[in-house]
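Participant: Data file input.txt (compact mmCIF, C-alpha atoms) is appended below.
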# COMPACT_ATOMS: atom_id res chain seq x y z
CA MET X 93 -11.85 7.57 0.66
CA LEU X 94 -12.70 4.11 -0.64
CA ASP X 95 -12.83 1.75 2.32
CA MET X 96 -10.80 -1.45 2.54
CA GLY X 97 -11.61 -3.62 5.53
CA GLY X 98 -13.73 -6.48 6.76
CA ASP X 99 -16.83 -5.36 4.87
CA GLN X 100 -14.96 -5.45 1.57
CA VAL X 101 -13.56 -8.92 2.28
CA GLU X 102 -17.06 -10.20 3.01
CA GLU X 103 -18.48 -8.50 -0.08
CA ALA X 104 -15.83 -10.05 -2.32
CA VAL X 105 -16.35 -13.52 -0.87
CA ALA X 106 -20.15 -13.32 -0.98
CA ASP X 107 -20.14 -12.16 -4.60
CA ALA X 108 -17.65 -14.85 -5.62
CA VAL X 109 -19.49 -17.66 -3.86
CA ALA X 110 -22.83 -16.58 -5.32
CA THR X 111 -21.28 -16.70 -8.79
CA LEU X 112 -19.64 -20.09 -8.32
CA ARG X 113 -22.69 -21.72 -6.71
CA GLN X 114 -24.32 -21.50 -10.12
CA VAL X 115 -21.91 -24.22 -11.29
CA ALA X 116 -21.57 -26.28 -8.10
CA ASP X 117 -22.98 -29.25 -9.99
CA ARG X 118 -20.14 -29.32 -12.53
CA ASP X 119 -16.78 -31.09 -12.60
CA TRP X 120 -14.29 -28.91 -10.73
CA SER X 121 -11.32 -31.08 -11.70
CA VAL X 122 -10.98 -29.09 -14.95
CA LYS X 123 -8.26 -26.44 -15.27
CA ALA X 124 -8.97 -23.01 -13.84
CA GLY X 125 -8.53 -20.61 -16.74
CA ARG X 126 -4.86 -20.02 -17.57
CA LEU X 127 -3.65 -21.73 -14.40
CA ASP X 128 -2.18 -25.21 -14.14
CA TRP X 129 -4.37 -25.82 -11.09
CA SER X 130 -7.82 -27.36 -11.20
CA CYS X 131 -10.82 -25.29 -10.17
CA ARG X 132 -10.98 -27.22 -6.90
CA ARG X 133 -7.27 -26.64 -6.18
CA THR X 134 -7.66 -22.95 -7.00
CA ALA X 135 -10.52 -22.61 -4.50
CA GLU X 136 -8.36 -24.36 -1.91
CA HIS X 137 -5.65 -21.78 -2.56
CA VAL X 138 -8.12 -18.94 -1.98
CA ALA X 139 -9.24 -20.43 1.34
CA SER X 140 -5.64 -21.06 2.40
CA ASP X 141 -4.69 -17.46 1.67
CA CYS X 142 -7.67 -16.07 3.59
CA VAL X 143 -6.88 -18.12 6.68
CA ALA X 144 -3.15 -17.39 6.37
CA TYR X 145 -3.78 -13.64 6.26
CA ALA X 146 -6.12 -13.93 9.23
CA GLY X 147 -3.40 -15.82 11.07
CA GLN X 148 -0.86 -13.11 10.33
CA LEU X 149 -3.12 -10.42 11.73
CA ALA X 150 -3.92 -12.54 14.79
CA GLY X 151 -0.35 -13.61 15.55
CA LEU X 152 1.52 -10.52 14.22
CA PRO X 153 4.77 -12.35 13.37
CA THR X 154 7.53 -10.12 12.03
CA ASP X 155 9.77 -12.60 10.23
CA ARG X 156 7.64 -15.38 8.72
CA TYR X 157 4.15 -16.74 8.15
CA VAL X 158 2.37 -18.38 11.07
CA PRO X 159 3.14 -22.05 10.27
CA PHE X 160 -0.25 -23.61 9.59
CA ASP X 161 -2.33 -24.47 6.56
CA ILE X 162 -5.65 -26.03 5.62
CA THR X 163 -6.58 -28.79 3.18
CA PHE X 164 -9.77 -29.86 1.47
CA ASP X 165 -9.37 -33.55 2.29
CA GLU X 166 -12.84 -33.71 3.85
CA CYS X 167 -14.56 -31.75 1.07
CA GLU X 168 -16.58 -34.12 -1.09
CA SER X 169 -18.31 -31.65 -3.39
CA PRO X 170 -17.93 -28.14 -4.82
CA GLU X 171 -20.56 -27.00 -2.31
CA ASP X 172 -18.29 -28.22 0.52
CA VAL X 173 -15.46 -26.27 -1.07
CA LEU X 174 -17.52 -23.09 -1.23
CA GLN X 175 -18.52 -23.43 2.42
CA VAL X 176 -14.83 -23.50 3.38
CA VAL X 177 -14.15 -20.41 1.25
CA GLU X 178 -17.03 -18.63 2.99
CA ALA X 179 -15.77 -19.60 6.44
CA THR X 180 -12.17 -18.55 5.82
CA GLY X 181 -13.34 -15.28 4.30
CA THR X 182 -15.34 -14.61 7.46
CA LEU X 183 -12.25 -15.34 9.56
CA LEU X 184 -10.17 -12.87 7.55
CA ALA X 185 -12.88 -10.21 7.80
CA ALA X 186 -13.01 -10.66 11.58
CA ALA X 187 -9.22 -10.49 11.90
CA VAL X 188 -9.13 -7.27 9.86
CA ARG X 189 -11.87 -5.69 11.97
CA THR X 190 -10.22 -6.51 15.30
CA ALA X 191 -6.62 -5.64 14.34
CA LEU X 192 -5.32 -2.31 15.61
CA ARG X 193 -4.90 0.39 12.97
CA ASP X 194 -1.11 0.39 13.35
CA ALA X 195 -0.73 -3.39 13.61
CA ARG X 196 1.65 -4.87 11.04
CA ALA X 197 2.64 -8.45 10.34
CA PHE X 198 5.07 -10.20 8.04
CA HIS X 199 4.47 -10.33 4.32
CA PRO X 200 7.46 -10.85 2.03
CA TYR X 201 6.77 -8.33 -0.72
CA PRO X 202 7.95 -5.69 -1.12
CA PHE X 203 8.85 -4.28 2.30
CA ARG X 204 8.32 -7.37 4.48
CA SER X 205 5.18 -6.23 6.28
CA ALA X 206 1.55 -5.27 5.73
CA ASN X 207 -1.13 -3.59 7.83
CA ARG X 208 -4.78 -4.59 8.17
CA GLU X 209 -5.77 -2.74 5.00
CA GLY X 210 -2.98 -4.47 3.11
CA PHE X 211 -4.05 -7.94 4.23
CA ALA X 212 -7.68 -7.12 3.44
CA ALA X 213 -6.69 -5.88 -0.03
CA MET X 214 -4.53 -8.94 -0.68
CA GLY X 215 -7.36 -11.21 0.43
CA VAL X 216 -9.83 -9.43 -1.83
CA THR X 217 -7.40 -9.66 -4.75
CA GLU X 218 -6.96 -13.41 -4.24
CA VAL X 219 -10.73 -13.86 -4.17
CA LEU X 220 -11.39 -11.74 -7.27
CA ALA X 221 -8.54 -13.02 -9.40
CA HIS X 222 -9.04 -16.69 -8.63
CA THR X 223 -12.82 -16.52 -8.93
CA HIS X 224 -12.11 -15.22 -12.43
CA ASP X 225 -9.87 -18.24 -13.04
CA ILE X 226 -12.47 -20.73 -11.79
CA ALA X 227 -15.30 -19.05 -13.69
CA GLU X 228 -13.22 -19.07 -16.86
CA GLY X 229 -12.45 -22.75 -16.39
CA LEU X 230 -16.12 -23.58 -15.91
CA GLY X 231 -17.27 -21.36 -18.76
CA ILE X 232 -19.33 -18.72 -16.95
CA PRO X 233 -18.99 -14.92 -16.87
CA TYR X 234 -17.76 -13.10 -13.79
CA GLU X 235 -17.26 -9.42 -13.07
CA PRO X 236 -16.94 -8.22 -9.46
CA PRO X 237 -18.11 -4.83 -8.16
CA ALA X 238 -16.00 -2.04 -9.69
CA ALA X 239 -15.58 -0.33 -6.31
CA LEU X 240 -13.78 -3.38 -4.93
CA CYS X 241 -11.37 -3.37 -7.85
CA GLU X 242 -10.70 0.34 -7.45
CA ALA X 243 -10.11 -0.03 -3.70
CA VAL X 244 -7.58 -2.78 -4.33
CA LEU X 245 -5.74 -0.90 -7.08
CA THR X 246 -5.37 2.28 -5.05
CA ARG X 247 -3.90 0.41 -2.09
CA ILE X 248 -1.66 -2.43 -3.20
CA PHE X 249 -1.20 -1.59 -6.89
CA PRO X 250 -0.21 2.09 -6.55
CA HIS X 251 2.04 1.75 -9.59
CA VAL X 252 -0.93 0.78 -11.80
CA ARG X 253 -3.38 3.45 -12.94
CA PRO X 254 -6.39 2.56 -15.14
CA ALA X 255 -6.25 4.36 -18.47
CA PRO X 256 -9.45 6.07 -19.67
CA GLY X 257 -11.84 3.43 -20.94
CA ASP X 258 -9.98 0.45 -19.46
CA GLY X 259 -12.03 0.16 -16.27
CA HIS X 260 -10.84 -1.02 -12.88
CA TRP X 261 -11.68 -4.70 -13.37
CA ARG X 262 -9.87 -5.00 -16.71
CA THR X 263 -6.92 -3.13 -15.22
CA LEU X 264 -6.81 -5.44 -12.20
CA LEU X 265 -6.90 -8.49 -14.47
CA TRP X 266 -3.99 -7.05 -16.46
CA ALA X 267 -2.08 -6.16 -13.28
CA THR X 268 -2.36 -9.78 -12.10
CA GLY X 269 -1.25 -11.24 -15.43
CA ARG X 270 -4.73 -12.25 -16.59
CA GLY X 271 -5.62 -9.94 -19.41
CA ASP X 272 -4.51 -7.58 -22.13
CA LEU X 273 -4.84 -3.83 -22.28
CA PRO X 274 -4.23 -1.54 -25.26
CA GLY X 275 -0.76 -0.02 -25.16
CA ARG X 276 0.46 -2.19 -22.29
CA ALA X 277 2.62 -5.26 -22.65
CA PRO X 278 1.20 -8.44 -21.11
CA LEU X 279 2.59 -9.29 -17.68
CA THR X 280 4.30 -12.61 -17.12
CA GLY X 281 5.02 -11.82 -13.47
CA TRP X 282 3.47 -9.37 -11.04
CA ARG X 283 3.62 -8.16 -7.47
CA TRP X 284 1.41 -6.08 -5.29
CA ASN X 285 2.92 -3.26 -3.29
CA ASN X 286 2.10 -2.82 0.40
CA ASN X 287 2.94 0.56 1.86
CA LEU X 288 6.43 1.19 3.19
CA VAL X 289 6.85 1.95 6.90
CA ILE X 290 10.14 3.40 8.16
CA PRO X 291 10.76 3.21 11.92
CA ALA X 292 12.22 6.05 13.97
CA ASP X 293 12.71 6.31 17.74
CA ARG X 294 9.40 7.87 18.77
CA LEU X 295 7.66 7.77 15.41
CA THR X 296 6.90 5.60 12.43
CA LEU X 297 6.87 7.03 8.92
CA GLN X 298 3.91 5.38 7.21
CA GLY X 299 3.68 5.45 3.44
CA VAL X 300 0.50 7.02 2.06
CA THR X 301 -1.39 5.06 -0.59
CA PRO X 302 -3.14 6.80 -3.51
CA ALA X 303 -6.47 6.13 -1.78
CA ALA X 304 -5.30 7.80 1.43
CA ALA X 305 -3.71 10.66 -0.50
CA ALA X 306 -6.94 11.39 -2.35
CA ASP X 307 -8.81 11.53 0.96
CA LEU X 308 -6.20 13.79 2.58
CA GLY X 309 -6.20 16.11 -0.40
CA ALA X 310 -9.99 16.37 -0.22
CA GLY X 311 -9.91 17.39 3.45
CA GLY X 312 -10.21 13.96 5.08
CA THR X 313 -7.95 12.11 7.49
CA GLY X 314 -6.46 9.62 5.04
CA GLY X 315 -7.40 6.91 7.52
CA PHE X 316 -5.05 8.24 10.20
CA GLU X 317 -5.96 9.43 13.67
CA TRP X 318 -4.54 12.94 13.78
CA THR X 319 -3.59 15.19 16.63
CA GLN X 320 -6.35 17.75 17.14
CA ASP X 321 -4.87 20.44 14.85
CA GLY X 322 -3.61 18.16 12.09
CA PRO X 323 -3.00 17.61 9.29
CA PHE X 324 -1.27 20.87 8.43
CA GLU X 325 -1.74 22.40 4.97
CA GLY X 326 1.65 21.23 3.69
CA THR X 327 0.66 17.59 4.22
CA ARG X 328 -2.56 18.11 2.27
CA ASP X 329 -0.61 19.78 -0.54
CA ALA X 330 1.83 16.88 -0.63
CA ALA X 331 -1.09 14.44 -0.76
CA GLY X 332 -2.34 16.34 -3.79
CA MET X 333 1.05 15.83 -5.44
CA VAL X 334 0.75 12.07 -4.83
CA THR X 335 -2.71 12.05 -6.39
CA LYS X 336 -1.50 13.94 -9.47
CA ALA X 337 1.45 11.58 -9.90
CA TYR X 338 -0.83 8.56 -9.58
CA GLU X 339 -3.31 9.94 -12.10
CA ALA X 340 -0.43 10.63 -14.50
CA GLY X 341 0.83 7.07 -14.10
CA VAL X 342 4.22 8.13 -12.72
CA HIS X 343 3.70 7.56 -8.98
CA ARG X 344 6.43 5.57 -7.21
CA PRO X 345 5.17 4.92 -3.68
CA GLU X 346 8.58 4.77 -2.02
CA PHE X 347 9.20 8.34 -3.22
CA GLY X 348 5.84 9.71 -2.18
CA LEU X 349 4.39 10.98 1.09
CA PHE X 350 4.78 9.53 4.58
CA VAL X 351 2.61 10.39 7.56
CA LEU X 352 4.49 10.70 10.87
CA VAL X 353 2.72 8.64 13.52
CA ARG X 354 3.64 8.96 17.19
CA ARG X 355 4.30 5.59 18.82
CA GLU X 356 3.05 6.54 22.28
CA ASP X 357 -0.54 7.21 21.24
CA GLY X 358 -0.86 6.34 17.54
CA ARG X 359 -1.59 9.95 16.62
CA ALA X 360 -0.44 11.37 13.31
CA VAL X 361 1.53 14.58 13.85
CA GLY X 362 2.79 15.56 10.41
CA GLY X 363 3.86 14.64 6.91
CA MET X 364 7.22 14.13 5.22
CA GLY X 365 8.36 12.86 1.89
CA PHE X 366 9.78 13.51 -1.54
CA HIS X 367 8.81 15.99 -4.21
CA GLY X 368 9.38 13.33 -6.85
CA THR X 369 11.69 10.52 -7.86
CA PRO X 370 15.48 10.98 -7.94
CA ASP X 371 16.82 12.79 -11.00
CA GLU X 372 19.41 11.35 -13.37
CA ASP X 373 22.15 12.29 -10.91
CA GLY X 374 20.41 10.55 -8.01
CA ARG X 375 19.28 13.77 -6.29
CA ALA X 376 15.90 13.82 -4.57
CA GLU X 377 14.13 16.73 -2.89
CA VAL X 378 12.52 16.32 0.53
CA GLY X 379 9.87 18.32 2.33
CA TYR X 380 7.99 18.13 5.63
CA ASP X 381 5.60 19.81 8.01
CA LEU X 382 4.13 19.24 11.47
CA ALA X 383 0.88 20.12 13.13
CA GLU X 384 1.52 23.18 15.28
CA SER X 385 0.85 21.34 18.54
CA ALA X 386 3.58 18.80 17.71
CA ARG X 387 6.34 21.32 17.03
CA GLY X 388 9.26 21.89 19.33
CA ASN X 389 9.67 18.21 20.25
CA GLY X 390 12.32 17.21 17.72
CA TYR X 391 9.91 15.04 15.71
CA ALA X 392 10.77 16.52 12.32
CA ALA X 393 14.54 16.12 12.74
CA GLU X 394 14.10 12.57 14.03
CA ALA X 395 11.88 11.62 11.11
CA LEU X 396 14.14 13.29 8.58
CA ARG X 397 17.16 11.38 9.86
CA ALA X 398 15.26 8.11 9.46
CA LEU X 399 13.97 8.98 5.98
CA SER X 400 17.41 10.16 4.87
CA ALA X 401 19.13 7.00 6.09
CA TRP X 402 16.58 4.87 4.22
CA ALA X 403 16.91 6.87 1.00
CA LEU X 404 20.69 7.09 0.97
CA SER X 405 20.99 3.34 1.47
CA ARG X 406 19.48 2.88 -2.00
CA ASP X 407 21.53 2.57 -5.15
CA ASP X 408 19.41 5.14 -7.00
CA VAL X 409 19.88 7.97 -4.47
CA THR X 410 23.18 9.83 -4.12
CA SER X 411 22.04 12.96 -2.30
CA LEU X 412 19.03 14.72 -0.79
CA PHE X 413 18.27 18.40 -0.81
CA ALA X 414 15.71 20.81 0.56
CA THR X 415 14.94 24.49 0.20
CA VAL X 416 13.76 26.62 3.07
CA ASP X 417 12.78 30.28 3.46
CA ARG X 418 15.47 32.47 4.95
CA VAL X 419 13.04 33.61 7.64
CA ASN X 420 12.13 30.04 8.66
CA ALA X 421 14.75 29.48 11.35
CA PRO X 422 12.99 26.44 12.91
CA SER X 423 13.02 24.56 9.60
CA GLN X 424 16.66 25.43 9.07
CA SER X 425 17.38 23.98 12.50
CA VAL X 426 15.54 20.77 11.55
CA LEU X 427 17.73 20.33 8.48
CA SER X 428 20.94 21.03 10.37
CA ARG X 429 20.06 18.59 13.17
CA ALA X 430 19.24 15.95 10.54
CA GLY X 431 22.75 16.30 9.09
CA PHE X 432 22.04 18.56 6.12
CA THR X 433 24.49 21.32 5.22
CA ARG X 434 23.55 24.72 3.83
CA VAL X 435 25.10 24.99 0.40
CA SER X 436 23.72 28.25 -1.06
CA GLY X 437 20.82 30.60 -1.49
CA GLU X 438 18.28 29.69 -4.13
CA GLY X 439 20.25 31.58 -6.76
CA GLY X 440 23.34 29.46 -6.14
CA ASP X 441 25.52 32.43 -5.18
CA GLY X 442 27.06 30.64 -2.24
CA ASP X 443 26.21 33.47 0.13
CA GLY X 444 22.56 32.78 0.75
CA ASP X 445 21.39 36.14 -0.57
CA GLY X 446 18.22 34.73 -2.19
CA GLU X 447 14.80 34.35 -0.59
CA GLN X 448 15.57 30.71 0.21
CA TYR X 449 18.50 28.65 1.37
CA ALA X 450 19.39 25.29 -0.14
CA TYR X 451 20.46 22.41 2.10
CA GLU X 452 22.02 19.14 1.03
CA LEU X 453 22.90 15.75 2.48
CA ARG X 454 25.12 13.33 0.58
CA GLY X 455 25.45 9.62 1.05
Please express the file's structure as structure tokens.
Facilitator:
Amino acid sequence: MLDMGGDQVEEAVADAVATLRQVADRDWSVKAGRLDWSCRRTAEHVASDCVAYAGQLAGLPTDRYVPFDITFDECESPEDVLQVVEATGTLLAAAVRTALRDARAFHPYPFRSANREGFAAMGVTEVLAHTHDIAEGLGIPYEPPAALCEAVLTRIFPHVRPAPGDGHWRTLLWATGRGDLPGRAPLTGWRWNNNLVIPADRLTLQGVTPAAAADLGAGGTGGFEWTQDGPFEGTRDAAGMVTKAYEAGVHRPEFGLFVLVRREDGRAVGGMGFHGTPDEDGRAEVGYDLAESARGNGYAAEALRALSAWALSRDDVTSLFATVDRVNAPSQSVLSRAGFTRVSGEGGDGDGDGEQYAYELRG
């Protein structure tokens, strides 16, 4: 799995500063690329974002940004500016490294929180995109390491997949409204997409990014700390479905895979999610599994109730359904305790004579 943490923040900042030091003797009052800001103001924005993200991870507010900011009033030269960018990047890297894996803090879009990987990825994106702006304004080339761009795209741009030949850097520029790609309309507005987390009583359902899904599908942990016998094969299969959807350009992260993380010890105990987006009638299929050691504790029913409540609160979902083998009594019990009703066997005969039963929950 491509890493996204303090090392990547430091790499992005070091590469950007090395590029911009080549033109530290120029006039930074000129416009930064397509922006209305000057190059100096753009660098100030980068530093402000880095220190703001560090503050979020240090303070862990849940409803707003920590209310502080920095200015460049004492910076007399571009070299002074670059020293501040370096320092704030180091602060963000340190905050990412020391934050707990499950720590989340407020960020407004799209689900009002981000974890340490999300803040690292947002910080890296700010550095890369705005270094591009400054370099463009000052007339020098800039292209960051491709691995950084890929790591960002697979975490906070899960809805954007590079087409063959486009490359990760060109795709990231397009995704942030800074470039053109064949067959894709230019963007006049854009948002990144931090993973969705749905709370339950004893668990949290943590959305799996394309990067984590690829790692899970390949036999890794996806960045989660699993109970000793997890993840179970169904979770790995579901991760493979996420990867295929992402590669096909049809992945919608809110209708992907969630890992079930136990609050008491931070251990991942299973997976749950959707088999795809809702159909034209608003029906979506759900599936789940647990590591064997976690079964018999009511985790699956608890998580399914939370996921169902979240889904059915949306305007694009009218009902949920699941199919389960007739011989799988424990899974049938999970569905019943989560409020689902058995509606038929797989053949729709109403008597459940097929190999599977169908269960449904309506909003």
Participant: Skipping near chain neighbours, those fewer than 5 positions away, what residues fall within 7 Å of range 247-252 of chain X using only C-alpha atoms, listed as a CSV table (one decimal) with C-alpha atoms, keeping the file's coordinate frame?
Facilitator:
chain,number,residue,atom,x,y,z
X,210,GLY,CA,-3.0,-4.5,3.1
X,213,ALA,CA,-6.7,-5.9,0.0
X,284,TRP,CA,1.4,-6.1,-5.3
X,285,ASN,CA,2.9,-3.3,-3.3
X,286,ASN,CA,2.1,-2.8,0.4
X,301,THR,CA,-1.4,5.1,-0.6
X,302,PRO,CA,-3.1,6.8,-3.5
X,303,ALA,CA,-6.5,6.1,-1.8
X,341,GLY,CA,0.8,7.1,-14.1
X,343,HIS,CA,3.7,7.6,-9.0
X,344,ARG,CA,6.4,5.6,-7.2
X,345,PRO,CA,5.2,4.9,-3.7
Participant: If we draw a sphere of 9 Å around (-18.1, -13.2, -2.3), which residues have at least one atom in it when counting all atoms listed in the file? Please report them as a list in words.
Facilitator: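 Result, sorted by chain then residue number: Val101, Glu102, Glu103, Ala104, Val105, Ala106, Asp107, Ala108, Val109, Ala110, Thr111, Val177, Glu178, Gly181, Val219, Leu220 and Pro236 of chain X.
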Participant: Quick one: which range 247-317 of chain X residues come within 8 Å of range 332-337 of chain X, and what is the nearest atom pair for each with the distance in Å to one decimal, counting all atoms listed in the file, rows ordered by chain and ascending number, as JSON lines?
Facilitator:
{"residue": "X:Pro302", "atom": "CA", "partner": "X:Thr335", "partner_atom": "CA", "distance": 6.0}
{"residue": "X:Ala305", "atom": "CA", "partner": "X:Thr335", "partner_atom": "CA", "distance": 6.1}
{"residue": "X:Ala306", "atom": "CA", "partner": "X:Thr335", "partner_atom": "CA", "distance": 5.9}
{"residue": "X:Leu308", "atom": "CA", "partner": "X:Gly332", "partner_atom": "CA", "distance": 7.9}
{"residue": "X:Gly309", "atom": "CA", "partner": "X:Gly332", "partner_atom": "CA", "distance": 5.1}
Participant: Which residues come within 12 Å of Leu112 in chain X, counting all atoms listed in the file, excluding same-chain residues fewer than 2 positions away, as JSON, numbers by chain?
Facilitator: {"X": [105, 106, 107, 108, 109, 110, 114, 115, 116, 117, 118, 120, 131, 132, 135, 170, 171, 173, 174, 175, 177, 178, 219, 220, 222, 223, 224, 225, 226, 227, 228, 229, 230, 231, 232, 233, 234, 235]}
Participant: Quick one: residues within 10 Å of (-7.8, 3.0, -13.3) (file frame), counting all atoms listed in the file, please, as a list of chain:residue names.
Facilitator: X:Cys241, X:Glu242, X:Leu245, X:Thr246, X:Val252, X:Arg253, X:Pro254, X:Ala255, X:Pro256, X:Gly257, X:Asp258, X:Gly259, X:His260, X:Trp261, X:Arg262, X:Thr263, X:Leu264, X:Tyr338, X:Glu339, X:Gly341
Participant: Would you fill the gaps in range 241-257 of chain X so it has N, CA, C and O atoms, then print it as a short mmCIF file (atom, residue, chain, number, x, y, z; two decimals), in the frame of the given file?
Facilitator:
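Below is the file part06.cif, written as the result:
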data_model
loop_
_atom_site.label_atom_id
_atom_site.label_comp_id
_atom_site.auth_asym_id
_atom_site.auth_seq_id
_atom_site.Cartn_x
_atom_site.Cartn_y
_atom_site.Cartn_z
N CYS X 241 -12.58 -3.39 -7.02
CA CYS X 241 -11.37 -3.37 -7.85
C CYS X 241 -10.62 -2.06 -7.67
O CYS X 241 -9.38 -2.04 -7.57
N GLU X 242 -11.34 -0.96 -7.64
CA GLU X 242 -10.70 0.34 -7.45
C GLU X 242 -10.02 0.43 -6.09
O GLU X 242 -8.90 0.93 -5.96
N ALA X 243 -10.69 -0.07 -5.04
CA ALA X 243 -10.11 -0.03 -3.70
C ALA X 243 -8.82 -0.83 -3.63
O ALA X 243 -7.86 -0.43 -2.96
N VAL X 244 -8.79 -1.96 -4.31
CA VAL X 244 -7.58 -2.78 -4.33
C VAL X 244 -6.46 -2.06 -5.08
O VAL X 244 -5.31 -1.97 -4.60
N LEU X 245 -6.77 -1.55 -6.26
CA LEU X 245 -5.74 -0.90 -7.08
C LEU X 245 -5.11 0.28 -6.37
O LEU X 245 -3.89 0.48 -6.45
N THR X 246 -5.91 1.08 -5.68
CA THR X 246 -5.37 2.28 -5.05
C THR X 246 -4.68 2.01 -3.72
O THR X 246 -4.19 2.95 -3.08
N ARG X 247 -4.61 0.74 -3.31
CA ARG X 247 -3.90 0.41 -2.09
C ARG X 247 -2.67 -0.45 -2.32
O ARG X 247 -1.59 -0.14 -1.82
N ILE X 248 -2.81 -1.53 -3.06
CA ILE X 248 -1.66 -2.43 -3.20
C ILE X 248 -1.15 -2.54 -4.64
O ILE X 248 -0.23 -3.30 -4.90
N PHE X 249 -1.75 -1.74 -5.54
CA PHE X 249 -1.20 -1.59 -6.89
C PHE X 249 -1.03 -0.10 -7.20
O PHE X 249 -1.53 0.39 -8.20
N PRO X 250 -0.32 0.64 -6.35
CA PRO X 250 -0.21 2.09 -6.55
C PRO X 250 0.55 2.47 -7.81
O PRO X 250 0.48 3.61 -8.26
N HIS X 251 1.28 1.52 -8.36
CA HIS X 251 2.04 1.75 -9.59
C HIS X 251 1.21 1.50 -10.83
O HIS X 251 1.71 1.65 -11.95
N VAL X 252 -0.06 1.11 -10.67
CA VAL X 252 -0.93 0.78 -11.80
C VAL X 252 -2.13 1.72 -11.78
O VAL X 252 -2.93 1.70 -10.84
N ARG X 253 -2.26 2.51 -12.83
CA ARG X 253 -3.38 3.45 -12.94
C ARG X 253 -4.23 3.08 -14.15
O ARG X 253 -3.70 2.96 -15.26
N PRO X 254 -5.55 2.87 -13.97
CA PRO X 254 -6.39 2.56 -15.14
C PRO X 254 -6.36 3.71 -16.14
O PRO X 254 -6.50 4.88 -15.78
N ALA X 255 -6.16 3.37 -17.40
CA ALA X 255 -6.25 4.36 -18.47
C ALA X 255 -7.72 4.62 -18.78
O ALA X 255 -8.58 3.78 -18.50
N PRO X 256 -8.05 5.78 -19.33
CA PRO X 256 -9.45 6.07 -19.67
C PRO X 256 -10.03 4.96 -20.56
O PRO X 256 -9.44 4.57 -21.56
N GLY X 257 -11.18 4.46 -20.16
CA GLY X 257 -11.84 3.43 -20.94
C GLY X 257 -11.48 2.01 -20.56
O GLY X 257 -12.18 1.06 -20.96
#
